[in-house]
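Peer 1: Pasting query.txt here (compact mmCIF, C-alpha atoms):
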```
# COMPACT_ATOMS: atom_id res chain seq x y z
CA MET A 27 -49.64 -123.08 89.55
CA LYS A 28 -47.15 -125.95 89.56
CA VAL A 29 -47.45 -129.00 87.34
CA GLU A 30 -45.13 -131.95 87.26
CA PHE A 31 -44.88 -134.52 84.52
CA GLU A 32 -42.39 -136.66 82.69
CA LEU A 33 -41.26 -134.93 79.52
CA ASN A 34 -39.29 -137.12 77.14
CA GLY A 35 -38.22 -139.46 79.92
CA LYS A 36 -37.26 -136.78 82.42
CA GLU A 37 -39.39 -135.75 85.40
CA GLN A 38 -39.89 -131.99 85.23
CA LYS A 39 -41.69 -129.28 87.17
CA PHE A 40 -43.20 -126.23 85.52
CA ASP A 41 -44.86 -123.05 86.67
CA VAL A 42 -47.88 -122.62 84.42
CA LYS A 43 -50.85 -120.32 84.16
CA PRO A 44 -54.11 -122.18 84.93
CA GLY A 45 -55.34 -121.66 81.37
CA GLU A 46 -52.06 -122.33 79.57
CA VAL A 47 -52.29 -124.96 76.85
CA LEU A 48 -49.73 -127.74 76.60
CA LEU A 49 -48.68 -126.58 73.12
CA ASP A 50 -47.40 -123.25 74.52
CA LEU A 51 -45.67 -124.86 77.48
CA LEU A 52 -43.82 -127.36 75.28
CA ARG A 53 -42.72 -124.82 72.69
CA ASP A 54 -41.57 -122.40 75.39
CA ASN A 55 -39.46 -125.21 76.81
CA GLY A 56 -37.63 -126.08 73.64
CA CYS A 57 -39.87 -128.70 72.06
CA LYS A 58 -40.09 -126.99 68.69
CA SER A 59 -41.21 -130.18 66.91
CA VAL A 60 -44.61 -129.39 68.40
CA LYS A 61 -45.96 -127.06 65.73
CA ARG A 62 -48.54 -124.35 66.13
CA GLY A 63 -51.10 -124.97 63.39
CA CYS A 64 -54.86 -124.61 63.59
CA GLU A 65 -55.07 -124.44 67.41
CA THR A 66 -58.46 -126.16 67.22
CA GLY A 67 -57.39 -129.83 67.20
CA ASP A 68 -57.98 -130.27 63.47
CA CYS A 69 -54.55 -130.28 61.80
CA GLY A 70 -52.48 -132.52 64.09
CA ALA A 71 -49.30 -130.46 63.74
CA CYS A 72 -49.05 -130.13 67.53
CA MET A 73 -49.50 -133.84 68.24
CA VAL A 74 -47.71 -135.38 71.23
CA LEU A 75 -47.91 -138.72 73.03
CA VAL A 76 -49.72 -138.55 76.36
CA ASN A 77 -49.18 -141.82 78.23
CA GLY A 78 -48.45 -143.36 74.85
CA ARG A 79 -51.58 -142.02 73.14
CA ALA A 80 -51.50 -139.43 70.36
CA MET A 81 -53.29 -136.22 71.34
CA THR A 82 -53.30 -132.66 70.07
CA SER A 83 -51.48 -130.42 72.53
CA CYS A 84 -53.43 -127.33 71.44
CA THR A 85 -56.62 -128.71 72.98
CA LEU A 86 -55.06 -129.83 76.27
CA PHE A 87 -54.49 -127.54 79.20
CA ALA A 88 -51.01 -127.97 80.68
CA ALA A 89 -52.61 -128.64 84.07
CA GLN A 90 -54.36 -131.70 82.60
CA VAL A 91 -51.09 -133.57 82.06
CA ASP A 92 -49.89 -133.24 85.65
CA GLY A 93 -48.55 -136.67 86.64
CA LYS A 94 -48.57 -137.98 83.08
CA GLU A 95 -45.90 -139.01 80.59
CA ILE A 96 -45.41 -136.73 77.59
CA ARG A 97 -43.28 -137.53 74.58
CA THR A 98 -42.50 -135.29 71.65
CA VAL A 99 -40.38 -136.11 68.61
CA GLU A 100 -37.36 -134.67 70.47
CA GLY A 101 -37.62 -137.56 72.93
CA MET A 102 -38.24 -140.36 70.48
CA GLU A 103 -34.97 -142.20 70.19
CA ASP A 104 -35.68 -145.84 69.58
CA ASN A 105 -35.59 -148.33 66.76
CA LEU A 106 -39.21 -147.75 65.73
CA THR A 107 -38.64 -143.99 65.42
CA ASP A 108 -35.42 -144.52 63.47
CA GLN A 109 -37.18 -146.86 61.06
CA LEU A 110 -40.11 -144.49 60.63
CA LYS A 111 -37.80 -141.54 59.92
CA GLN A 112 -35.77 -143.56 57.42
CA PHE A 113 -38.78 -144.87 55.52
CA MET A 114 -40.41 -141.42 55.53
CA LEU A 115 -37.27 -140.05 53.85
CA GLU A 116 -36.97 -142.94 51.40
CA ALA A 117 -40.63 -142.76 50.40
CA GLY A 118 -40.48 -139.00 49.85
CA ALA A 119 -43.10 -138.53 52.56
CA VAL A 120 -41.52 -135.28 53.75
CA GLN A 121 -41.90 -132.16 51.66
CA CYS A 122 -42.36 -128.87 53.52
CA GLY A 123 -42.05 -130.85 56.76
CA PHE A 124 -44.51 -128.88 58.85
CA CYS A 125 -46.84 -131.83 59.43
CA THR A 126 -44.02 -134.38 59.76
CA PRO A 127 -43.64 -134.42 63.58
CA GLY A 128 -47.40 -134.92 63.97
CA VAL A 129 -47.40 -137.69 61.37
CA LEU A 130 -44.48 -139.38 63.13
CA ILE A 131 -46.39 -139.27 66.42
CA SER A 132 -49.54 -140.76 64.83
CA ALA A 133 -47.54 -143.46 63.05
CA TYR A 134 -45.55 -144.27 66.18
CA SER A 135 -48.73 -144.53 68.24
CA LEU A 136 -50.32 -146.79 65.62
CA LEU A 137 -47.34 -149.13 65.27
CA THR A 138 -46.90 -149.35 69.03
CA HIS A 139 -50.44 -150.64 69.45
CA ASN A 140 -50.76 -152.51 66.15
CA LYS A 141 -47.72 -153.96 64.41
CA ASN A 142 -49.73 -155.25 61.44
CA PRO A 143 -51.99 -152.38 60.42
CA SER A 144 -54.06 -152.65 57.27
CA GLU A 145 -54.08 -149.73 54.84
CA GLU A 146 -57.48 -148.74 56.21
CA GLU A 147 -56.09 -148.71 59.74
CA ILE A 148 -53.14 -146.58 58.64
CA LYS A 149 -55.52 -144.12 56.99
CA ALA A 150 -57.65 -144.03 60.13
CA ALA A 151 -54.57 -143.38 62.26
CA LEU A 152 -53.67 -140.41 60.04
CA ASP A 153 -57.22 -139.00 60.19
CA GLY A 154 -56.06 -136.28 62.55
CA ASN A 155 -53.08 -135.12 60.46
CA LEU A 156 -53.43 -132.60 57.68
CA CYS A 157 -50.73 -132.58 55.00
CA ARG A 158 -51.03 -130.11 52.15
CA CYS A 159 -48.00 -131.41 50.21
CA THR A 160 -47.89 -135.17 49.87
CA GLY A 161 -51.45 -136.34 49.36
CA TYR A 162 -50.73 -138.92 52.09
CA VAL A 163 -49.82 -141.75 49.68
CA LYS A 164 -46.11 -141.61 50.45
CA GLN A 165 -46.73 -141.36 54.18
CA ILE A 166 -48.93 -144.44 54.04
CA ASP A 167 -46.22 -146.23 52.03
CA ALA A 168 -43.61 -145.27 54.64
CA ILE A 169 -45.74 -146.63 57.49
CA LYS A 170 -46.34 -149.88 55.57
CA GLU A 171 -42.60 -150.24 54.97
CA THR A 172 -41.88 -149.60 58.64
CA ALA A 173 -44.46 -152.20 59.69
CA ASP A 174 -42.82 -154.73 57.38
CA SER A 175 -39.39 -153.83 58.70
CA ILE A 176 -40.27 -154.18 62.38
CA GLY A 177 -41.73 -157.62 61.86
CA GLY A 178 -45.32 -156.92 60.94
CA SER A 179 -46.70 -157.37 57.46
CA SER A 180 -48.90 -154.26 56.99
CA ASP A 181 -51.51 -156.52 55.42
CA GLY A 182 -53.80 -156.16 58.40
CA LYS A 183 -53.47 -159.82 59.37
CA LYS A 184 -53.13 -160.21 63.09
CA MET B 13 -59.69 -120.88 73.82
CA LEU B 14 -60.63 -119.87 77.34
CA ARG B 15 -58.36 -116.87 77.67
CA ASN B 16 -58.98 -116.01 81.29
CA VAL B 17 -58.72 -119.12 83.48
CA LYS B 18 -58.22 -117.85 87.05
CA ASP B 19 -57.81 -121.16 88.78
CA TYR B 20 -57.56 -124.89 88.10
CA HIS B 21 -58.68 -127.37 90.76
CA TYR B 22 -58.14 -131.10 91.25
CA PRO B 23 -60.94 -132.15 93.62
CA GLY B 24 -60.54 -135.47 95.40
CA SER B 25 -64.23 -136.32 95.70
CA LEU B 26 -67.57 -135.70 94.03
CA ASP B 27 -68.70 -133.57 96.98
CA GLU B 28 -65.58 -131.45 96.80
CA ALA B 29 -66.04 -131.01 93.05
CA LEU B 30 -69.63 -129.86 93.53
CA SER B 31 -68.69 -127.51 96.36
CA LEU B 32 -66.09 -125.87 94.12
CA ASP B 33 -68.73 -125.51 91.44
CA ASN B 34 -71.16 -123.87 93.83
CA ARG B 35 -68.90 -120.93 94.49
CA GLU B 36 -69.80 -117.58 93.04
CA SER B 37 -67.41 -117.48 90.12
CA ARG B 38 -68.11 -119.06 86.76
CA SER B 39 -66.69 -122.56 86.69
CA PHE B 40 -66.60 -125.56 84.41
CA PHE B 41 -65.93 -129.22 85.00
CA ILE B 42 -63.17 -130.54 82.80
CA ALA B 43 -62.34 -134.14 81.91
CA GLY B 44 -60.91 -134.49 78.38
CA GLY B 45 -60.93 -130.74 77.85
CA THR B 46 -61.52 -130.82 74.09
CA ALA B 47 -64.79 -128.91 74.26
CA LEU B 48 -63.52 -126.29 76.70
CA ALA B 49 -60.28 -125.78 74.84
CA LEU B 50 -62.37 -124.87 71.81
CA SER B 51 -64.59 -122.44 73.71
CA ASP B 52 -63.88 -118.88 72.79
CA SER B 53 -64.35 -116.75 75.86
CA SER B 54 -62.46 -114.07 77.70
CA ARG B 55 -64.71 -114.19 80.78
CA PRO B 56 -62.89 -115.28 83.95
CA VAL B 57 -63.50 -118.93 84.76
CA GLU B 58 -62.28 -121.64 87.10
CA LEU B 59 -61.73 -125.18 85.88
CA ILE B 60 -62.55 -128.21 88.03
CA ASP B 61 -60.71 -131.29 86.81
CA VAL B 62 -62.89 -134.36 87.40
CA SER B 63 -60.51 -136.81 85.74
CA ARG B 64 -59.14 -137.98 89.10
CA LEU B 65 -62.47 -138.98 90.62
CA GLY B 66 -62.24 -142.58 89.47
CA LEU B 67 -65.06 -142.24 86.96
CA ASN B 68 -63.32 -144.30 84.31
CA ASP B 69 -64.66 -147.82 84.80
CA LEU B 70 -65.61 -149.86 81.79
CA GLU B 71 -67.34 -152.97 82.96
CA LEU B 72 -69.43 -155.59 81.21
CA ASP B 73 -71.89 -157.07 83.69
CA ARG B 74 -73.39 -160.05 81.87
CA GLU B 75 -75.29 -161.19 84.95
CA ASN B 76 -77.31 -157.97 85.07
CA GLY B 77 -77.14 -157.56 81.31
CA ASN B 78 -75.48 -154.18 81.08
CA LEU B 79 -72.34 -152.35 80.14
CA LYS B 80 -71.26 -149.59 82.51
CA ILE B 81 -69.00 -146.84 81.24
CA GLY B 82 -67.61 -144.16 83.56
CA ALA B 83 -67.98 -140.53 82.52
CA SER B 84 -64.21 -139.90 82.34
CA THR B 85 -63.62 -142.86 80.03
CA ARG B 86 -61.91 -141.76 76.84
CA ILE B 87 -63.95 -142.44 73.71
CA GLN B 88 -61.10 -144.33 72.02
CA ARG B 89 -60.83 -146.63 75.04
CA VAL B 90 -64.48 -147.56 74.57
CA VAL B 91 -63.88 -148.10 70.84
CA GLU B 92 -61.04 -150.52 71.57
CA SER B 93 -62.62 -152.37 74.47
CA GLY B 94 -63.75 -155.93 73.96
CA ALA B 95 -66.75 -155.15 76.18
CA ALA B 96 -68.03 -152.44 73.83
CA ARG B 97 -67.37 -154.64 70.80
CA SER B 98 -69.76 -157.17 72.24
CA VAL B 99 -72.71 -154.76 72.14
CA LEU B 100 -74.97 -155.50 69.18
CA GLY B 101 -72.35 -157.09 66.97
CA GLY B 102 -69.95 -154.18 67.33
CA PHE B 103 -72.52 -151.42 66.81
CA LEU B 104 -71.32 -149.37 69.79
CA SER B 105 -67.58 -149.47 69.11
CA GLU B 106 -67.90 -149.10 65.33
CA SER B 107 -70.26 -146.14 65.69
CA LEU B 108 -68.09 -144.37 68.26
CA GLU B 109 -65.14 -144.80 65.90
CA GLU B 110 -66.91 -142.40 63.54
CA ILE B 111 -66.39 -139.57 66.03
CA GLY B 112 -63.72 -137.01 65.13
CA SER B 113 -60.20 -138.26 64.63
CA TYR B 114 -58.00 -140.67 66.60
CA PRO B 115 -56.32 -137.94 68.72
CA ILE B 116 -59.67 -136.33 69.48
CA ARG B 117 -61.14 -139.69 70.56
CA ASN B 118 -58.03 -140.24 72.70
CA ALA B 119 -58.70 -137.00 74.57
CA GLY B 120 -62.49 -136.70 74.55
CA THR B 121 -64.56 -138.43 77.21
CA LEU B 122 -68.00 -139.95 77.15
CA GLY B 123 -69.25 -137.77 80.02
CA GLY B 124 -67.91 -134.59 78.47
CA SER B 125 -69.92 -135.31 75.35
CA LEU B 126 -73.10 -135.70 77.40
CA VAL B 127 -72.58 -132.67 79.63
CA ARG B 128 -72.00 -130.40 76.67
CA PRO B 129 -74.47 -131.75 74.09
CA PHE B 130 -73.22 -130.18 70.90
CA PRO B 131 -75.85 -130.24 68.13
CA TRP B 132 -73.55 -132.35 65.95
CA SER B 133 -72.85 -134.88 68.71
CA ASP B 134 -72.66 -138.43 67.39
CA ILE B 135 -72.77 -139.93 70.86
CA ILE B 136 -76.28 -138.75 71.62
CA PRO B 137 -78.03 -140.52 68.70
CA ILE B 138 -75.83 -143.62 69.20
CA LEU B 139 -76.65 -143.97 72.89
CA SER B 140 -80.28 -142.92 72.36
CA VAL B 141 -81.09 -146.02 70.33
CA LEU B 142 -79.50 -148.24 72.95
CA GLU B 143 -81.28 -148.50 76.26
CA THR B 144 -79.03 -146.08 78.12
CA GLU B 145 -79.37 -144.75 81.63
CA VAL B 146 -77.23 -141.90 82.88
CA PHE B 147 -75.88 -141.99 86.46
CA TYR B 148 -75.38 -138.63 88.07
CA TYR B 149 -74.42 -137.36 91.51
CA HIS B 150 -76.74 -134.76 92.94
CA GLU B 151 -77.00 -133.43 96.51
CA GLY B 152 -75.07 -136.32 98.01
CA ASN B 153 -76.96 -139.07 96.19
CA GLU B 154 -76.44 -141.15 93.09
CA LYS B 155 -79.42 -140.90 90.77
CA THR B 156 -80.30 -142.22 87.34
CA ARG B 157 -82.20 -140.90 84.38
CA GLU B 158 -82.92 -142.19 80.90
CA LEU B 159 -80.58 -140.62 78.39
CA SER B 160 -83.45 -139.51 76.16
CA ARG B 161 -84.85 -137.46 79.09
CA LEU B 162 -81.53 -135.90 80.04
CA TYR B 163 -82.03 -132.68 78.14
CA GLU B 164 -85.65 -132.00 79.04
CA SER B 165 -85.96 -128.34 80.01
CA ASP B 166 -87.21 -128.98 83.56
CA PHE B 167 -84.13 -131.10 84.24
CA ARG B 168 -81.48 -128.66 83.09
CA SER B 169 -81.07 -126.89 86.43
CA THR B 170 -80.66 -130.29 88.17
CA LEU B 171 -78.03 -131.27 85.64
CA ASN B 172 -76.23 -127.97 86.16
CA SER B 173 -75.71 -128.78 89.83
CA SER B 174 -74.78 -132.44 89.30
CA ILE B 175 -71.85 -134.48 88.08
CA ILE B 176 -72.47 -137.17 85.50
CA GLU B 177 -70.80 -140.33 86.77
CA GLY B 178 -71.39 -142.57 83.79
CA VAL B 179 -73.87 -144.53 81.73
CA SER B 180 -75.33 -148.00 81.88
CA ILE B 181 -76.29 -149.59 78.59
CA SER B 182 -78.66 -152.57 78.64
CA LEU B 183 -77.30 -155.40 76.56
CA PRO B 184 -79.92 -156.22 73.94
CA GLU B 185 -80.62 -159.80 72.97
CA GLU B 186 -78.34 -160.69 70.11
CA GLY B 187 -79.66 -162.28 66.96
CA ASN B 188 -82.96 -160.57 66.34
CA THR B 189 -81.81 -157.07 67.20
CA ALA B 190 -79.50 -155.00 65.02
CA ALA B 191 -78.56 -151.34 64.78
CA LYS B 192 -76.91 -148.98 62.31
CA PHE B 193 -75.29 -145.57 62.64
CA MET B 194 -74.82 -143.28 59.67
CA LYS B 195 -73.08 -139.96 59.44
CA PHE B 196 -72.82 -137.32 56.76
CA SER B 197 -69.91 -134.91 57.13
CA ARG B 198 -67.58 -132.88 54.90
CA SER B 199 -64.55 -135.00 55.75
CA GLU B 200 -63.63 -138.11 57.74
CA PHE B 201 -62.95 -136.14 60.91
CA ASP B 202 -65.32 -133.21 60.53
CA VAL B 203 -68.33 -132.94 62.81
CA ALA B 204 -71.58 -134.31 61.42
CA SER B 205 -73.77 -132.28 59.09
CA LEU B 206 -76.37 -134.95 59.79
CA ASN B 207 -76.27 -138.23 61.70
CA LEU B 208 -78.75 -140.99 62.28
CA ALA B 209 -78.95 -144.12 64.40
CA CYS B 210 -81.58 -146.83 64.09
CA ARG B 211 -82.19 -150.01 66.07
CA LEU B 212 -84.79 -152.65 65.34
CA THR B 213 -85.81 -155.85 67.10
CA VAL B 214 -87.46 -158.31 64.75
CA GLU B 215 -89.55 -161.34 65.73
CA GLY B 216 -90.80 -163.70 63.05
CA GLY B 217 -90.13 -161.09 60.38
CA TYR B 218 -92.13 -158.41 62.21
CA ILE B 219 -90.67 -155.41 64.06
CA SER B 220 -91.33 -155.60 67.79
CA LYS B 221 -89.16 -152.67 68.93
CA ALA B 222 -87.90 -149.65 67.01
CA LYS B 223 -85.70 -146.73 67.88
CA LEU B 224 -84.59 -143.99 65.53
CA SER B 225 -82.61 -140.92 66.48
CA ILE B 226 -81.46 -138.08 64.25
CA GLY B 227 -78.80 -135.52 65.16
CA ALA B 228 -77.18 -132.43 63.64
CA ARG B 229 -80.63 -131.51 62.29
CA PRO B 230 -78.84 -129.01 62.91
CA MET B 231 -80.24 -129.23 66.45
CA THR B 232 -79.10 -131.82 69.02
CA GLY B 233 -80.05 -135.44 68.38
CA GLU B 234 -83.60 -136.48 69.12
CA ARG B 235 -85.65 -139.62 68.74
CA ILE B 236 -88.61 -139.69 66.35
CA PRO B 237 -91.36 -141.42 68.41
CA ALA B 238 -94.06 -141.13 65.73
CA LEU B 239 -91.98 -143.05 63.23
CA GLU B 240 -90.85 -145.58 65.85
CA ASP B 241 -94.52 -146.28 66.70
CA ASN B 242 -95.37 -146.69 63.03
CA LEU B 243 -92.61 -149.26 62.56
CA VAL B 244 -93.68 -151.50 65.42
CA GLY B 245 -95.85 -154.42 64.28
CA LYS B 246 -94.91 -154.00 60.63
CA LYS B 247 -93.29 -156.68 58.50
CA LEU B 248 -89.67 -155.74 57.80
CA THR B 249 -89.42 -155.39 54.03
CA GLU B 250 -87.59 -153.21 51.54
CA GLU B 251 -90.87 -151.50 50.81
CA LEU B 252 -91.26 -150.61 54.50
CA ALA B 253 -87.71 -149.23 54.53
CA LYS B 254 -88.53 -146.99 51.59
CA LYS B 255 -91.83 -145.84 53.07
CA SER B 256 -90.21 -145.17 56.46
CA GLY B 257 -87.47 -143.14 54.82
CA LYS B 258 -90.05 -140.90 53.21
CA GLU B 259 -91.92 -140.58 56.49
CA ALA B 260 -88.74 -139.73 58.42
CA GLY B 261 -87.83 -137.01 55.94
CA GLU B 262 -91.28 -135.50 56.37
CA SER B 263 -91.72 -135.90 60.13
CA ALA B 264 -88.26 -135.07 61.55
CA GLU B 265 -87.82 -131.46 62.62
CA LEU B 266 -85.08 -130.27 60.28
CA ARG B 267 -83.66 -126.87 59.46
CA GLY B 268 -81.08 -125.42 57.14
CA ASP B 269 -77.78 -123.89 58.23
CA GLU B 270 -74.46 -122.90 56.68
CA LYS B 271 -73.58 -126.56 56.10
CA LEU B 272 -76.75 -127.92 54.52
CA GLY B 273 -80.07 -126.54 53.39
CA GLN B 274 -83.29 -127.89 54.91
CA GLU B 275 -84.32 -129.65 51.70
CA TYR B 276 -80.90 -131.33 51.44
CA ARG B 277 -81.27 -132.56 55.03
CA GLU B 278 -84.76 -133.90 54.28
CA GLN B 279 -83.43 -135.89 51.32
CA LEU B 280 -80.52 -137.19 53.41
CA VAL B 281 -82.80 -138.29 56.25
CA LYS B 282 -85.01 -140.06 53.72
CA LYS B 283 -82.10 -141.92 52.14
CA MET B 284 -80.21 -142.65 55.37
CA THR B 285 -83.32 -144.01 57.13
CA GLU B 286 -84.10 -146.23 54.17
CA GLU B 287 -80.53 -147.52 54.03
CA ALA B 288 -80.27 -148.08 57.78
CA ILE B 289 -83.49 -150.12 57.86
CA THR B 290 -82.47 -152.10 54.76
CA GLU B 291 -79.07 -152.94 56.24
CA ILE B 292 -80.62 -153.97 59.54
CA MET B 293 -83.02 -156.20 57.59
CA LYS B 294 -80.10 -157.94 55.87
CA GLU B 295 -78.22 -158.35 59.14
CA VAL B 296 -81.20 -159.81 60.98
CA ALA B 297 -81.86 -162.17 58.03
CA ASN B 298 -78.23 -163.37 58.15
CA GLU B 299 -78.41 -163.95 61.89
CA SER B 300 -81.60 -166.01 61.79
```
Please lay out the structure from this file as structure tokens.
Peer 2:
Amino acid sequence: MKVEFELNGKEQKFDVKPGEVLLDLLRDNGCKSVKRGCETGDCGACMVLVNGRAMTSCTLFAAQVDGKEIRTVEGMEDNLTDQLKQFMLEAGAVQCGFCTPGVLISAYSLLTHNKNPSEEEIKAALDGNLCRCTGYVKQIDAIKETADSIGGSSDGKK
Amino acid sequence: MLRNVKDYHYPGSLDEALSLDNRESRSFFIAGGTALALSDSSRPVELIDVSRLGLNDLELDRENGNLKIGASTRIQRVVESGAARSVLGGFLSESLEEIGSYPIRNAGTLGGSLVRPFPWSDIIPILSVLETEVFYYHEGNEKTRELSRLYESDFRSTLNSSIIEGVSISLPEEGNTAAKFMKFSRSEFDVASLNLACRLTVEGGYISKAKLSIGARPMTGERIPALEDNLVGKKLTEELAKKSGKEAGESAELRGDEKLGQEYREQLVKKMTEEAITEIMKEVANES
């Protein structure tokens, strides 16, 4: 069957099997930042933005995103992404790196909707991302730093 | 994962969706898709995508005193909506925020959670203690049914040939009514090993209405009418909370499974009921 959606800013058409999951379609089409992890929606390694909302691509059928806007880390080229990447590096929030694209997606989604997240809100936003290396502290620090840098205060005050 | 999906349909109307479902092959309605994506089956199936049927309204109708939520509405959208935040001092949105993780709530829909009532469902106990009616489309007509009666055995075949359109939640009077939801799980985003919702209306210090629902027992959430009846007419005190906790632990139908033993669940129900009632008592006292 044919599905059509905007992938990283470019309208694209794909031939998919009716039961094909979005994770497979994206990886087969070069989006290798979308990692194959648990395949049950638990680890967040396959996270993408669907119409600006973070979702796990392993639990979405490709046919479900027909007509929607999908963004992966490959297509994130703006100031917020640059800041997030920089502060993730500076904070030492990247170790093995497997969870990093998913964490970037969650953080990006959070900071797009809430420029002044509290620590609790940052933790809640990372609920769906498993990281076996960092213990999350450095990732939380990086998101706080990014919020400060983009004009928020990361103290939760709106 | 469903490994053998033969076809995927995008019906344009409720009638078309039902006609697709009535064909001979095995078919499933799909909205958020989280539940189906996790199904492990190699049997051939067809998927009928109901996300384009316009069932995603979220409307606060103060005049008629209810909140209507369409079946395809994403759970996170309900969490973030001002309308949901206005129900019982934030009870609805704060409780729904306990479900899964942010990406799961972004994908999962309210209707999907009702159609496939997983035993660990948090939505069922939460909506059970609110006055919730379910709207469904059956044989060309829109019908309603109380949420607590949705899973009665004689209704299952009707539900199987219907599409849930949404729910309507009666807005309780603020001030003397409060509710609490509690969940016990292995991690922040894991499914519940036990969950409990309680709502009390208090007049002059005495309970006039009570609703208590327990889920992940490990069976699907169910109200405990005997305990609810016992609470009505009683003075709301810490002693009553303690006594009710004990009673809930003894009267709720609980079993053990790989997550928790039966005795552990009994102790949890006891403690969670006591805590829920105590917290409601404090909240009602602060409001009055």
Peer 1: A:Pro127, A:Pro44, A:Pro143, A:Gly101: which is nearest chain B, counting all atoms listed in the file?
Peer 2: A:Pro44
Peer 1: Tell me as a PyMOL selection string which residues belonging to chain A come within 12 Å of chain B, counting all atoms listed in the file.
Peer 2: chain A and resi 27-29+42-49+64-93+128-129+131-133+135-136+139-140+147-156
Peer 1: Can you work out the spacing between CA of Tyr149 in chain B and CA of Arg64 in chain B in Å, to one decimal?
Peer 2: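 One can read the CA of Tyr149 in chain B to CA of Arg64 in chain B distance as 15.5 Å.
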Peer 1: State, in Å with one decimal place, the distance from CA of Thr107 in chain A to CA of Ile169 in chain A.
Peer 2: 11.0 Å
Peer 1: Hey, which of B:Ala204, B:Leu104, B:Leu26, B:Leu171 ends up closest to Gly66 in chain B? Count only C-alpha atoms.
Peer 2: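 Smallest distance to Gly66 in chain B is found for B:Leu26.
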Peer 1: Give the answer as one residue: which of B:Asp69, B:Leu142, B:Asp33, B:Thr249 has the shortest atom-to-atom distance to Lys223 in chain B, using only C-alpha atoms?
Peer 2: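 Result for the nearest residue to Lys223 in chain B: B:Leu142.
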Peer 1: Figure out the distance between CA of Tyr218 in chain B and CA of Arg235 in chain B, please, to one decimal in Å.
Peer 2: 20.9 Å
Peer 1: Could you check the closest approach to Cys159 in chain A for each of A:Ala119, A:Ile96, A:Leu52, A:Val60 and tell me which residue wins, using only C-alpha atoms?
Peer 2: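 That would be A:Ala119, the residue with the smallest distance to Cys159 in chain A.
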